[in-house]
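Structure file model-v1.cif with mmCIF, C-alpha atoms:
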```cif
data_work
loop_
_atom_site.label_atom_id
_atom_site.label_comp_id
_atom_site.auth_asym_id
_atom_site.auth_seq_id
_atom_site.Cartn_x
_atom_site.Cartn_y
_atom_site.Cartn_z
CA MET A 1 5.59 24.37 23.56
CA ARG A 2 8.50 21.99 23.49
CA GLU A 3 12.13 22.71 23.03
CA GLU A 4 13.73 21.67 19.79
CA GLY A 5 16.73 20.16 21.49
CA ILE A 6 18.17 17.72 19.04
CA SER A 7 21.14 16.79 21.13
CA SER A 8 21.74 13.32 19.82
CA SER A 9 20.93 12.34 16.31
CA ILE A 10 19.70 8.88 17.16
CA TYR A 11 16.92 8.20 19.58
CA SER A 12 14.18 5.64 19.92
CA GLY A 13 15.64 3.80 17.00
CA PHE A 14 15.07 6.68 14.61
CA ASN A 15 17.97 8.54 13.16
CA LEU A 16 16.81 12.14 13.04
CA GLU A 17 19.44 13.28 10.60
CA GLN A 18 18.57 10.84 7.92
CA PRO A 19 15.04 9.87 7.10
CA LYS A 20 13.57 13.25 6.49
CA CYS A 21 10.52 12.58 4.46
CA PRO A 22 10.07 13.96 0.95
CA ILE A 23 7.30 16.51 0.61
CA HIS A 24 5.45 14.74 -2.17
CA LEU A 25 5.04 11.70 0.04
CA ARG A 26 3.45 13.78 2.77
CA VAL A 27 1.11 15.32 0.24
CA PHE A 28 0.15 11.91 -1.04
CA ALA A 29 -0.45 10.57 2.45
CA TYR A 30 -2.61 13.59 3.12
CA THR A 31 -4.76 13.01 0.06
CA VAL A 32 -5.28 9.41 1.09
CA ASP A 33 -6.33 10.54 4.55
CA LEU A 34 -8.63 13.17 3.09
CA GLY A 35 -10.19 10.56 0.87
CA MET A 36 -10.93 8.37 3.86
CA ILE A 37 -12.35 11.26 5.81
CA MET A 38 -14.55 12.27 2.93
CA LEU A 39 -15.84 8.75 2.59
CA ARG A 40 -16.67 8.63 6.27
CA LEU A 41 -18.24 12.05 6.10
CA TYR A 42 -20.35 10.97 3.20
CA ALA A 43 -21.46 7.82 4.96
CA GLY A 44 -22.07 9.73 8.16
CA LEU A 45 -24.14 12.32 6.36
CA LEU A 46 -26.23 9.62 4.77
CA VAL A 47 -26.89 7.99 8.11
CA ALA A 48 -27.62 11.32 9.75
CA LEU A 49 -30.06 12.19 6.99
CA ILE A 50 -31.92 8.93 7.41
CA ILE A 51 -32.11 9.34 11.17
CA TYR A 52 -33.31 12.89 10.75
CA ALA A 53 -35.99 11.80 8.33
CA LEU A 54 -37.19 9.14 10.74
CA PHE A 55 -37.13 11.69 13.53
CA VAL A 56 -39.28 14.06 11.53
CA ALA A 57 -41.68 11.27 10.60
CA VAL A 58 -42.10 10.28 14.24
CA LEU A 59 -42.76 13.87 15.19
CA ALA A 60 -45.34 14.23 12.46
CA VAL A 61 -47.19 11.19 13.76
CA LEU A 62 -47.13 12.27 17.38
CA ASN A 63 -48.18 15.81 16.38
CA PRO A 64 -47.08 18.00 19.30
CA PRO A 65 -47.74 21.79 19.29
CA ALA A 66 -46.03 23.78 16.53
CA LEU A 67 -43.42 25.54 18.65
CA ILE A 68 -42.12 22.36 20.24
CA LEU A 69 -42.05 20.76 16.82
CA LYS A 70 -39.84 23.50 15.47
CA ILE A 71 -37.49 23.39 18.43
CA LEU A 72 -37.17 19.63 18.30
CA GLY A 73 -36.54 19.79 14.59
CA VAL A 74 -33.70 22.23 14.94
CA VAL A 75 -32.20 20.37 17.87
CA GLY A 76 -32.31 17.15 15.92
CA LEU A 77 -30.61 18.69 12.92
CA VAL A 78 -27.89 20.28 15.00
CA ALA A 79 -27.25 17.02 16.80
CA CYS A 80 -26.87 15.18 13.53
CA VAL A 81 -24.48 17.72 12.10
CA LEU A 82 -22.36 17.74 15.24
CA ALA A 83 -22.22 13.98 15.25
CA VAL A 84 -21.03 13.87 11.67
CA LEU A 85 -18.44 16.56 12.19
CA SER A 86 -17.10 14.90 15.30
CA ILE A 87 -16.44 11.74 13.34
CA SER A 88 -14.06 13.45 11.00
CA SER A 89 -12.35 15.90 13.26
CA HIS A 90 -10.63 13.42 15.48
CA TYR A 91 -9.45 11.12 12.69
CA PHE A 92 -5.97 12.58 12.74
CA ILE A 93 -5.71 12.98 16.46
CA THR A 94 -6.77 9.46 17.41
CA HIS A 95 -4.52 7.80 14.89
CA GLU A 96 -1.49 9.88 15.66
CA LEU A 97 -1.91 9.32 19.37
CA LYS A 98 -2.18 5.61 18.99
CA ASN A 99 0.38 4.77 16.36
CA GLY A 100 2.11 7.94 15.32
CA ALA A 101 0.74 7.46 11.84
CA THR A 102 -2.60 7.85 10.15
CA PRO A 103 -3.61 5.14 7.67
CA GLY A 104 -2.51 7.38 4.81
CA LYS A 105 0.91 7.79 6.32
CA LYS A 106 1.15 4.12 7.11
CA LEU A 107 0.45 3.26 3.51
CA VAL A 108 3.40 5.34 2.42
CA GLY A 109 5.70 4.43 5.30
CA LEU A 110 5.79 7.68 7.24
CA ARG A 111 5.78 8.25 10.98
CA VAL A 112 5.19 11.28 13.14
CA VAL A 113 7.77 11.41 15.91
CA SER A 114 8.35 13.83 18.72
CA LEU A 115 11.78 15.43 18.70
CA ASP A 116 12.43 14.72 22.35
CA GLY A 117 11.99 11.01 21.92
CA ALA A 118 8.82 10.56 23.95
CA LYS A 119 5.50 9.35 22.69
CA LEU A 120 3.30 11.97 21.14
CA THR A 121 1.16 13.73 23.72
CA PHE A 122 -2.41 14.76 23.26
CA LYS A 123 -1.46 18.42 23.31
CA GLN A 124 1.00 17.90 20.48
CA CYS A 125 -1.53 16.06 18.35
CA LEU A 126 -4.22 18.61 19.03
CA TYR A 127 -2.10 21.60 18.07
CA ARG A 128 -0.80 19.83 15.00
CA ASP A 129 -4.35 19.20 13.92
CA LEU A 130 -5.49 22.75 14.58
CA LEU A 131 -2.59 24.16 12.63
CA ARG A 132 -3.42 21.81 9.81
CA LEU A 133 -6.29 24.18 9.11
CA VAL A 134 -3.67 26.77 8.20
CA ASP A 135 -1.02 24.55 6.63
CA ALA A 136 -3.12 22.37 4.48
CA THR A 137 -6.18 24.42 3.65
CA LEU A 138 -4.32 27.55 2.72
CA ILE A 139 -1.55 25.39 1.26
CA VAL A 140 1.01 28.19 0.92
CA PRO A 141 2.13 28.50 4.56
CA GLY A 142 2.57 24.77 4.92
CA LEU A 143 4.37 24.38 1.62
CA LEU A 144 6.69 27.32 2.28
CA SER A 145 7.53 26.08 5.71
CA MET A 146 8.35 22.62 4.41
CA LEU A 147 10.50 23.92 1.62
CA LEU A 148 12.44 26.33 3.79
CA ASN A 149 12.95 24.02 6.72
CA LYS A 150 15.76 21.53 6.44
CA GLN A 151 13.75 18.77 7.97
CA ASN A 152 10.64 19.41 5.91
CA ARG A 153 8.57 20.41 8.89
CA ARG A 154 5.35 22.29 8.40
CA LEU A 155 3.96 24.93 10.76
CA GLY A 156 2.18 22.34 12.85
CA ASP A 157 5.46 20.46 13.30
CA LEU A 158 7.43 23.57 14.17
CA ALA A 159 4.94 24.64 16.82
CA THR A 160 4.77 21.29 18.58
CA GLY A 161 8.30 20.01 18.23
CA THR A 162 7.51 17.07 16.03
CA MET A 163 8.75 15.77 12.73
CA VAL A 164 7.63 13.37 10.09
CA ILE A 165 10.11 10.71 9.05
CA TYR A 166 10.23 8.16 6.30
CA LEU A 167 10.81 4.60 7.33
CA GLU A 168 12.08 2.66 4.40
CA LYS A 169 11.40 -0.58 6.17
CA ASP A 170 7.73 0.20 6.64
CA ALA A 171 7.36 1.48 3.13
CA LYS A 172 8.75 -1.65 1.63
CA GLU A 173 6.91 -4.09 3.87
CA SER A 174 4.24 -4.72 1.28
CA GLN A 175 6.78 -5.48 -1.44
CA TYR A 176 7.68 -8.80 0.09
CA PHE A 177 5.50 -11.60 -1.06
CA TYR A 178 6.80 -15.04 -0.17
CA ILE A 179 8.65 -14.36 3.05
CA LYS A 180 8.87 -11.39 5.36
CA GLN A 181 11.29 -8.55 4.87
CA GLN A 182 13.22 -9.39 8.02
CA GLU A 183 13.65 -13.02 7.10
CA TYR A 184 14.62 -12.10 3.58
CA HIS A 185 17.41 -9.83 4.70
CA LEU A 186 18.67 -12.33 7.25
CA LEU A 187 18.83 -15.09 4.68
CA THR A 188 20.41 -12.84 2.07
CA GLU A 189 23.20 -12.03 4.47
CA LYS A 190 23.78 -15.66 5.24
CA LEU A 191 23.52 -17.11 1.79
CA GLU A 192 24.99 -14.33 -0.39
CA PRO A 193 23.15 -15.59 -3.43
CA LYS A 194 23.93 -15.00 -7.08
CA LYS A 195 21.32 -12.97 -8.83
CA PRO A 196 19.29 -15.05 -11.25
CA ASP A 197 18.79 -13.88 -14.80
CA LEU A 198 15.49 -12.95 -16.32
CA GLU A 199 14.74 -16.28 -17.94
CA MET A 200 15.40 -18.13 -14.72
CA ILE A 201 13.20 -15.72 -12.81
CA ASN A 202 10.29 -16.12 -15.16
CA ASN A 203 10.50 -19.88 -15.24
CA PHE A 204 10.90 -20.27 -11.53
CA LEU A 205 8.11 -17.88 -10.64
CA ARG A 206 5.84 -19.71 -13.00
CA PHE A 207 6.30 -22.69 -10.70
CA ALA A 208 6.64 -20.88 -7.38
CA PHE A 209 3.60 -18.65 -7.50
CA PRO A 210 1.01 -21.40 -7.95
CA HIS A 211 2.91 -23.69 -5.60
CA PHE A 212 3.28 -21.35 -2.67
CA ILE A 213 0.64 -18.68 -2.97
CA LYS A 214 -2.25 -20.22 -4.79
CA GLY A 215 -1.82 -23.46 -2.91
CA VAL A 216 -1.62 -25.64 -6.00
CA GLU A 217 1.17 -27.73 -4.55
CA ASN A 218 3.43 -29.33 -7.07
CA LYS A 219 5.87 -31.55 -5.23
CA VAL A 220 7.27 -33.09 -8.38
CA GLU A 221 8.33 -29.73 -9.76
CA ALA A 222 9.69 -28.76 -6.37
CA GLY A 223 11.91 -31.78 -6.43
CA LYS A 224 13.20 -30.84 -9.86
CA TRP A 225 13.94 -27.24 -8.92
CA ILE A 226 15.69 -27.72 -5.62
CA GLU A 227 19.03 -28.76 -7.08
CA THR A 228 19.25 -25.76 -9.37
CA VAL A 229 18.20 -23.43 -6.60
CA ARG A 230 20.89 -24.61 -4.25
CA THR A 231 23.59 -23.74 -6.78
CA TYR A 232 22.74 -20.09 -6.40
CA PHE A 233 23.64 -20.06 -2.73
CA LYS A 234 26.98 -20.02 -0.95
CA THR A 235 28.26 -23.56 -1.35
CA GLU A 236 28.86 -24.55 2.29
CA LEU A 237 25.45 -23.39 3.34
CA GLY A 238 23.75 -24.38 0.13
CA THR A 239 23.12 -27.93 1.22
CA LYS A 240 22.18 -27.10 4.75
CA ILE A 241 18.92 -25.43 3.96
CA ASP A 242 15.53 -26.95 4.45
CA ARG A 243 14.01 -27.59 1.03
CA GLU A 244 10.94 -25.46 1.48
CA THR A 245 12.96 -22.59 2.90
CA ALA A 246 15.35 -22.66 -0.03
CA LEU A 247 12.56 -22.56 -2.56
CA LEU A 248 10.66 -19.87 -0.68
CA TYR A 249 13.74 -17.72 -0.34
CA PHE A 250 14.64 -18.15 -3.98
CA ALA A 251 11.10 -17.21 -4.96
CA GLU A 252 11.38 -14.02 -2.95
CA LEU A 253 14.80 -13.38 -4.47
CA CYS A 254 13.34 -13.64 -7.95
CA HIS A 255 10.41 -11.46 -6.98
CA GLN A 256 12.68 -8.76 -5.57
CA THR A 257 15.13 -8.91 -8.44
CA LYS A 258 12.36 -8.54 -10.96
CA PHE A 259 11.01 -5.66 -8.92
CA GLU A 260 14.41 -3.96 -8.97
CA MET A 261 14.73 -4.47 -12.67
CA LYS A 262 11.42 -2.79 -13.28
CA HIS A 263 12.02 0.15 -11.05
CA SER A 264 15.64 0.74 -11.84
CA GLU A 265 16.54 4.17 -13.21
CA THR A 266 18.34 2.95 -16.28
CA ALA A 267 15.50 0.91 -17.62
CA GLY A 268 16.74 1.23 -21.16
CA ASN A 269 20.21 -0.13 -20.48
CA LEU A 270 18.81 -2.83 -18.33
CA ASN A 271 16.85 -4.35 -21.17
CA SER A 272 19.94 -5.11 -23.19
CA MET A 273 21.64 -6.46 -20.10
CA GLU A 274 18.73 -8.73 -19.35
CA LEU A 275 18.92 -10.28 -22.77
CA LYS A 276 22.51 -11.26 -22.19
CA GLY A 277 21.52 -12.76 -18.88
CA GLU A 278 23.93 -10.65 -16.88
CA LYS A 279 23.09 -8.40 -14.04
CA ASN A 280 25.88 -6.97 -12.01
CA GLY A 281 26.01 -5.07 -8.80
CA ASP A 282 22.57 -3.64 -8.30
CA ALA A 283 22.92 -3.98 -4.57
CA ALA A 284 22.83 -0.20 -4.22
CA THR A 285 19.16 -0.12 -4.98
CA LEU A 286 18.45 -2.64 -2.26
CA MET B 1 3.14 -14.53 16.14
CA GLU B 2 6.61 -15.99 16.75
CA MET B 3 8.59 -17.14 13.83
CA GLN B 4 10.64 -20.03 15.01
CA GLN B 5 13.93 -19.52 13.36
CA HIS B 6 16.15 -22.50 13.48
CA PHE B 7 19.21 -20.58 12.47
CA GLU B 8 21.30 -18.68 14.98
CA PRO B 9 24.53 -17.12 13.75
CA GLU B 10 26.18 -17.43 17.12
CA SER B 11 25.50 -21.10 17.70
CA SER B 12 28.51 -23.18 18.42
CA ASN B 13 27.81 -26.39 16.59
CA LYS B 14 27.55 -24.98 13.10
CA ASP B 15 28.10 -28.32 11.47
CA SER B 16 24.78 -29.82 12.39
CA GLU B 17 22.82 -26.65 11.97
CA ILE B 18 20.12 -26.71 9.37
CA ILE B 19 18.75 -23.43 8.18
CA SER B 20 15.02 -23.53 8.15
CA LEU B 21 12.13 -21.17 8.40
CA ARG B 22 9.89 -23.50 10.28
CA ARG B 23 7.20 -21.03 10.87
CA ASN B 24 3.48 -21.27 11.26
CA LYS B 25 2.46 -19.16 8.33
CA GLU B 26 1.29 -15.85 9.64
CA TYR B 27 -0.76 -14.93 6.66
CA VAL B 28 -1.88 -16.45 3.41
CA TYR B 29 -3.01 -14.91 0.19
CA GLU B 30 -6.42 -15.85 -1.02
CA PRO B 31 -8.57 -14.52 -3.85
CA ALA B 32 -10.45 -11.42 -2.81
CA GLY B 33 -14.22 -11.60 -2.73
CA PHE B 34 -16.79 -9.23 -4.10
CA LEU B 35 -17.47 -7.34 -0.88
CA VAL B 36 -13.87 -6.38 -0.17
CA ARG B 37 -13.30 -5.37 -3.75
CA SER B 38 -16.38 -3.15 -3.78
CA GLY B 39 -15.30 -1.48 -0.56
CA ALA B 40 -11.87 -0.96 -2.06
CA SER B 41 -13.42 0.59 -5.15
CA PHE B 42 -15.33 3.09 -3.05
CA LEU B 43 -12.22 4.04 -1.16
CA ASP B 44 -10.26 4.26 -4.40
CA GLY B 45 -12.84 6.57 -5.87
CA ALA B 46 -12.74 8.90 -2.91
CA ILE B 47 -8.95 9.05 -2.88
CA ILE B 48 -8.59 9.53 -6.62
CA GLY B 49 -11.30 12.17 -6.41
CA VAL B 50 -9.30 14.04 -3.85
CA MET B 51 -6.15 13.69 -5.91
CA THR B 52 -7.69 15.03 -9.11
CA PHE B 53 -9.70 17.70 -7.36
CA PRO B 54 -7.12 20.45 -8.01
CA LEU B 55 -7.68 19.95 -11.73
CA ASP B 56 -11.09 21.51 -11.36
CA PHE B 57 -9.41 24.78 -10.56
CA LEU B 58 -8.01 24.90 -14.07
CA SER B 59 -11.35 26.11 -15.36
CA VAL B 60 -10.51 29.51 -13.93
CA ILE B 61 -7.94 30.06 -16.70
CA PRO B 62 -9.46 32.64 -19.10
CA GLY B 63 -8.92 30.67 -22.26
CA LEU B 64 -10.69 27.57 -21.05
CA GLY B 65 -14.12 28.20 -19.69
CA SER B 66 -16.76 25.94 -18.35
CA SER B 67 -18.34 25.36 -21.73
CA GLY B 68 -17.51 24.49 -25.29
CA VAL B 69 -14.03 23.56 -26.37
CA GLY B 70 -12.54 24.49 -23.02
CA LEU B 71 -14.73 22.04 -21.20
CA PHE B 72 -13.88 19.35 -23.70
CA ILE B 73 -10.18 19.89 -23.15
CA LEU B 74 -10.55 19.91 -19.37
CA THR B 75 -12.59 16.76 -19.33
CA GLY B 76 -10.11 15.12 -21.65
CA LEU B 77 -7.29 16.16 -19.37
CA LYS B 78 -9.12 14.72 -16.39
CA TRP B 79 -9.52 11.39 -18.15
CA VAL B 80 -5.87 11.31 -19.12
CA VAL B 81 -4.74 12.02 -15.59
CA TYR B 82 -7.13 9.46 -14.22
CA PHE B 83 -5.87 6.73 -16.51
CA PHE B 84 -2.27 7.63 -15.95
CA LEU B 85 -2.68 7.50 -12.18
CA THR B 86 -4.60 4.26 -12.28
CA VAL B 87 -2.11 2.48 -14.53
CA TRP B 88 0.85 3.79 -12.55
CA PHE B 89 -0.54 2.60 -9.25
CA ILE B 90 -1.52 -0.80 -10.55
CA SER B 91 1.75 -1.53 -12.26
CA LYS B 92 4.08 -0.11 -9.63
CA LYS B 93 2.33 -0.82 -6.37
CA GLY B 94 -0.18 -3.48 -7.18
CA GLY B 95 -3.36 -1.51 -6.89
CA LEU B 96 -4.95 1.82 -6.22
CA PRO B 97 -4.53 3.28 -2.70
CA GLY B 98 -7.92 2.04 -1.54
CA LYS B 99 -7.04 -1.53 -2.48
CA LEU B 100 -3.64 -1.31 -0.83
CA MET B 101 -5.09 -0.05 2.38
CA LEU B 102 -7.39 -3.02 2.63
CA GLY B 103 -4.55 -5.41 1.94
CA LEU B 104 -5.47 -6.27 -1.63
CA LYS B 105 -3.02 -6.80 -4.43
CA ILE B 106 -3.46 -7.14 -8.16
CA VAL B 107 -1.02 -9.73 -9.45
CA ASN B 108 -0.26 -11.48 -12.69
CA VAL B 109 -1.82 -14.94 -12.60
CA GLU B 110 1.16 -16.73 -14.07
CA ASN B 111 4.02 -15.53 -11.94
CA GLY B 112 2.71 -13.42 -9.11
CA LEU B 113 4.41 -10.23 -10.20
CA MET B 114 2.76 -6.88 -10.71
CA LEU B 115 0.99 -6.27 -13.97
CA SER B 116 2.81 -4.49 -16.74
CA PRO B 117 1.47 -1.05 -17.67
CA GLY B 118 0.05 -2.42 -20.89
CA LYS B 119 -1.93 -5.10 -19.13
CA ALA B 120 -3.07 -2.65 -16.49
CA PHE B 121 -4.33 -0.25 -19.12
CA TYR B 122 -6.09 -3.04 -20.99
CA ARG B 123 -7.70 -4.19 -17.77
CA GLU B 124 -8.93 -0.77 -16.73
CA THR B 125 -10.24 0.48 -20.02
CA ILE B 126 -11.37 -2.30 -22.30
CA GLY B 127 -11.68 -4.94 -19.61
CA LYS B 128 -13.87 -2.98 -17.26
CA PHE B 129 -15.92 -1.58 -20.12
CA LEU B 130 -16.77 -5.05 -21.34
CA SER B 131 -17.51 -6.15 -17.79
CA MET B 132 -20.13 -3.48 -17.52
CA LEU B 133 -21.58 -4.14 -20.91
CA LEU B 134 -23.93 -7.04 -20.30
CA LEU B 135 -25.57 -5.76 -17.13
CA PHE B 136 -22.36 -5.80 -15.12
CA SER B 137 -22.04 -9.53 -15.69
CA GLY B 138 -18.28 -9.17 -15.73
CA TYR B 139 -18.42 -7.99 -12.15
CA LEU B 140 -20.97 -10.57 -11.11
CA MET B 141 -18.58 -13.27 -12.24
CA VAL B 142 -16.49 -12.42 -9.21
CA ILE B 143 -19.15 -13.82 -6.94
CA PHE B 144 -19.62 -17.06 -8.80
CA ARG B 145 -16.12 -18.10 -9.70
CA ARG B 146 -13.98 -19.99 -7.25
CA ASP B 147 -10.89 -17.97 -8.01
CA LYS B 148 -12.93 -14.78 -7.84
CA ARG B 149 -11.81 -13.32 -11.15
CA GLY B 150 -14.01 -10.94 -13.10
CA LEU B 151 -14.13 -10.63 -16.85
CA HIS B 152 -11.59 -7.83 -16.77
CA ASP B 153 -9.30 -10.02 -14.69
CA ILE B 154 -9.51 -12.91 -17.11
CA MET B 155 -8.88 -10.69 -20.09
CA SER B 156 -5.73 -9.25 -18.58
CA LYS B 157 -4.53 -12.43 -16.89
CA SER B 158 -4.66 -10.91 -13.43
CA GLN B 159 -6.11 -11.79 -10.10
CA VAL B 160 -6.85 -9.82 -6.97
CA LEU B 161 -5.38 -11.40 -3.86
CA ARG B 162 -6.08 -10.58 -0.27
CA LYS B 163 -3.73 -10.88 2.66
CA VAL B 164 -5.43 -12.84 5.40
CA LYS B 165 -4.00 -13.49 8.83
CA VAL B 166 -4.07 -17.13 9.80
CA ASP B 167 -4.80 -17.96 13.43
#
```
What do you get writing this file as structure tokens?
Amino acid sequence: MREEGISSSIYSGFNLEQPKCPIHLRVFAYTVDLGMIMLRLYAGLLVALIIYALFVAVLAVLNPPALILKILGVVGLVACVLAVLSISSHYFITHELKNGATPGKKLVGLRVVSLDGAKLTFKQCLYRDLLRLVDATLIVPGLLSMLLNKQNRRLGDLATGTMVIYLEKDAKESQYFYIKQQEYHLLTEKLEPKKPDLEMINNFLRFAFPHFIKGVENKVEAGKWIETVRTYFKTELGTKIDRETALLYFAELCHQTKFEMKHSETAGNLNSMELKGEKNGDAATL
Amino acid sequence: MEMQQHFEPESSNKDSEIISLRRNKEYVYEPAGFLVRSGASFLDGAIIGVMTFPLDFLSVIPGLGSSGVGLFILTGLKWVVYFFLTVWFISKKGGLPGKLMLGLKIVNVENGLMLSPGKAFYRETIGKFLSMLLLFSGYLMVIFRRDKRGLHDIMSKSQVLRKVKVD
């Protein structure tokens, strides 16, 4: 069992104090994982059943003495069941060993990290998985432990010195459509753009989406838009940007702004603001 | 998978520097074919099944039983939850968990944004129902159209895109 020595709050690039993951996200990631396991189990069972049927058919044709038939039958069935079970039981362990995140967690943007900063060991993953039988199946112990612990650790985490964290960067990766998250943030810092209003967003995206994503290139429109787009950027740098980059970045800017508008808390107020074409200081949500 | 960035903040000759993302595109979005979408549907079904599974426990409540009015209410509740989940996922994240895990996205055909809840609801209920109506012809359309849109996609002005890595 490992020591819970959290001497420094930042290690391996993760800040332990901050990105404690919300419980509902863990639950959601778990349901996604369960869904995948069940699908595999179902498929595995189907395959096992078919193999078993073939096995039985072959035995019937060959017609060995009754006792051997029975023994072979049971052995075959047991083998199939074990095979199916073994597929599902190391789903969690293999994924956590390799990446620190199962597909369900990856979808949501969570990571399992060891508190001492090293990679997860096999022992840690194994014990976490075994304790999952208690945490998740009986629900109450796991839930209680997560609610009472400041870092939202369940029994499996407490016993093995691990923790699940929420990486905002990973969670938002899929939100970015035209350019990558990293590039977007770099360019935003450099260009300090003005936020476009709703009408501008809609019109521009109506050009940008077919042009960039669907591949219906429209060079004439691009030529018409580039001047307007440059006015949204910091003036010195505005003219020094490659045309395609400027349009791509502006498309992503519109995409993200629209996304923020939709998911902002004060949706009601925002509607009246959108009509006036003003949108001030929503940088906090970024 | 290098992105060749031609902008460096620390470069000395800032006058002649042109900011450009001259990158070999890492991935493109293309319309998703029938096979991927079917696989995604299976996965979706399993995940949504797991998510709504606790609702089955409600039948233990004395008032509702497993027959008669109680059953009707429970089934109704299940449908409501199912539709709410589906519409929420499609309009906020671009698809149900199964689709997202396979890299698929449901977008609005005109501007590439996520569908509004209204469109998502229309797509899932009326759209899919009509697709099934004439021997699943709405789904078969996905195979034969170049932009891989089914009847429910056309009715709700959506398209399912797939992220594909480009070598």
As a check of understanding, name the residues that the PyMOL selection byres ((chain A) within 9 of (chain B)) selects in the supplied structure, as a PDB file with C-alpha atoms, in the coordinates of the input.
```pdb
ATOM      1  CA  PHE A  28       0.150  11.910  -1.040  1.00  0.00           C
ATOM      2  CA  THR A  31      -4.760  13.010   0.060  1.00  0.00           C
ATOM      3  CA  VAL A  32      -5.280   9.410   1.090  1.00  0.00           C
ATOM      4  CA  ASP A  33      -6.330  10.540   4.550  1.00  0.00           C
ATOM      5  CA  LEU A  34      -8.630  13.170   3.090  1.00  0.00           C
ATOM      6  CA  GLY A  35     -10.190  10.560   0.870  1.00  0.00           C
ATOM      7  CA  MET A  36     -10.930   8.370   3.860  1.00  0.00           C
ATOM      8  CA  MET A  38     -14.550  12.270   2.930  1.00  0.00           C
ATOM      9  CA  LEU A  39     -15.840   8.750   2.590  1.00  0.00           C
ATOM     10  CA  PRO A 103      -3.610   5.140   7.670  1.00  0.00           C
ATOM     11  CA  GLY A 104      -2.510   7.380   4.810  1.00  0.00           C
ATOM     12  CA  LYS A 106       1.150   4.120   7.110  1.00  0.00           C
ATOM     13  CA  LEU A 107       0.450   3.260   3.510  1.00  0.00           C
ATOM     14  CA  SER A 174       4.240  -4.720   1.280  1.00  0.00           C
ATOM     15  CA  GLN A 175       6.780  -5.480  -1.440  1.00  0.00           C
ATOM     16  CA  PHE A 177       5.500 -11.600  -1.060  1.00  0.00           C
ATOM     17  CA  GLU A 183      13.650 -13.020   7.100  1.00  0.00           C
ATOM     18  CA  LYS A 190      23.780 -15.660   5.240  1.00  0.00           C
ATOM     19  CA  ASN A 202      10.290 -16.120 -15.160  1.00  0.00           C
ATOM     20  CA  ASN A 203      10.500 -19.880 -15.240  1.00  0.00           C
ATOM     21  CA  PHE A 204      10.900 -20.270 -11.530  1.00  0.00           C
ATOM     22  CA  LEU A 205       8.110 -17.880 -10.640  1.00  0.00           C
ATOM     23  CA  ARG A 206       5.840 -19.710 -13.000  1.00  0.00           C
ATOM     24  CA  PHE A 207       6.300 -22.690 -10.700  1.00  0.00           C
ATOM     25  CA  ALA A 208       6.640 -20.880  -7.380  1.00  0.00           C
ATOM     26  CA  PHE A 209       3.600 -18.650  -7.500  1.00  0.00           C
ATOM     27  CA  PRO A 210       1.010 -21.400  -7.950  1.00  0.00           C
ATOM     28  CA  ILE A 213       0.640 -18.680  -2.970  1.00  0.00           C
ATOM     29  CA  LYS A 214      -2.250 -20.220  -4.790  1.00  0.00           C
ATOM     30  CA  LEU A 237      25.450 -23.390   3.340  1.00  0.00           C
ATOM     31  CA  THR A 239      23.120 -27.930   1.220  1.00  0.00           C
ATOM     32  CA  LYS A 240      22.180 -27.100   4.750  1.00  0.00           C
ATOM     33  CA  ILE A 241      18.920 -25.430   3.960  1.00  0.00           C
ATOM     34  CA  ASP A 242      15.530 -26.950   4.450  1.00  0.00           C
ATOM     35  CA  ARG A 243      14.010 -27.590   1.030  1.00  0.00           C
ATOM     36  CA  GLU A 244      10.940 -25.460   1.480  1.00  0.00           C
ATOM     37  CA  THR A 245      12.960 -22.590   2.900  1.00  0.00           C
ATOM     38  CA  ALA A 246      15.350 -22.660  -0.030  1.00  0.00           C
ATOM     39  CA  HIS A 255      10.410 -11.460  -6.980  1.00  0.00           C
ATOM     40  CA  LYS A 258      12.360  -8.540 -10.960  1.00  0.00           C
ATOM     41  CA  PHE A 259      11.010  -5.660  -8.920  1.00  0.00           C
ATOM     42  CA  LYS A 262      11.420  -2.790 -13.280  1.00  0.00           C
ATOM     43  CA  HIS A 263      12.020   0.150 -11.050  1.00  0.00           C
TER      44      HIS A 263
END
```
With the PyMOL selection byres ((chain B and resi 160) around 7) as the selection, what would be picked from this file? Answer as a PDB file with C-alpha atoms, in the frame of the given file, please.
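Result saved to selection25.pdb:
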```pdb
ATOM      1  CA  PRO B  31      -8.570 -14.520  -3.850  1.00  0.00           C
ATOM      2  CA  ALA B  32     -10.450 -11.420  -2.810  1.00  0.00           C
ATOM      3  CA  LEU B 104      -5.470  -6.270  -1.630  1.00  0.00           C
ATOM      4  CA  LYS B 105      -3.020  -6.800  -4.430  1.00  0.00           C
ATOM      5  CA  ILE B 106      -3.460  -7.140  -8.160  1.00  0.00           C
ATOM      6  CA  VAL B 107      -1.020  -9.730  -9.450  1.00  0.00           C
ATOM      7  CA  SER B 158      -4.660 -10.910 -13.430  1.00  0.00           C
ATOM      8  CA  GLN B 159      -6.110 -11.790 -10.100  1.00  0.00           C
ATOM      9  CA  LEU B 161      -5.380 -11.400  -3.860  1.00  0.00           C
ATOM     10  CA  ARG B 162      -6.080 -10.580  -0.270  1.00  0.00           C
TER      11      ARG B 162
END
```
Tell me, as a PDB file with C-alpha atoms, in the coordinates of the input, which residues lie within 9 Å of Val84 in chain A, counting all atoms listed in the file; anything in the same chain fewer than 4 positions away does not count.
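Contents of the output file around_31.pdb:
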```pdb
ATOM      1  CA  ARG A  40     -16.670   8.630   6.270  1.00  0.00           C
ATOM      2  CA  LEU A  41     -18.240  12.050   6.100  1.00  0.00           C
ATOM      3  CA  TYR A  42     -20.350  10.970   3.200  1.00  0.00           C
ATOM      4  CA  GLY A  44     -22.070   9.730   8.160  1.00  0.00           C
ATOM      5  CA  LEU A  45     -24.140  12.320   6.360  1.00  0.00           C
ATOM      6  CA  ALA A  48     -27.620  11.320   9.750  1.00  0.00           C
ATOM      7  CA  ALA A  79     -27.250  17.020  16.800  1.00  0.00           C
ATOM      8  CA  CYS A  80     -26.870  15.180  13.530  1.00  0.00           C
ATOM      9  CA  SER A  88     -14.060  13.450  11.000  1.00  0.00           C
TER      10      SER A  88
END
```
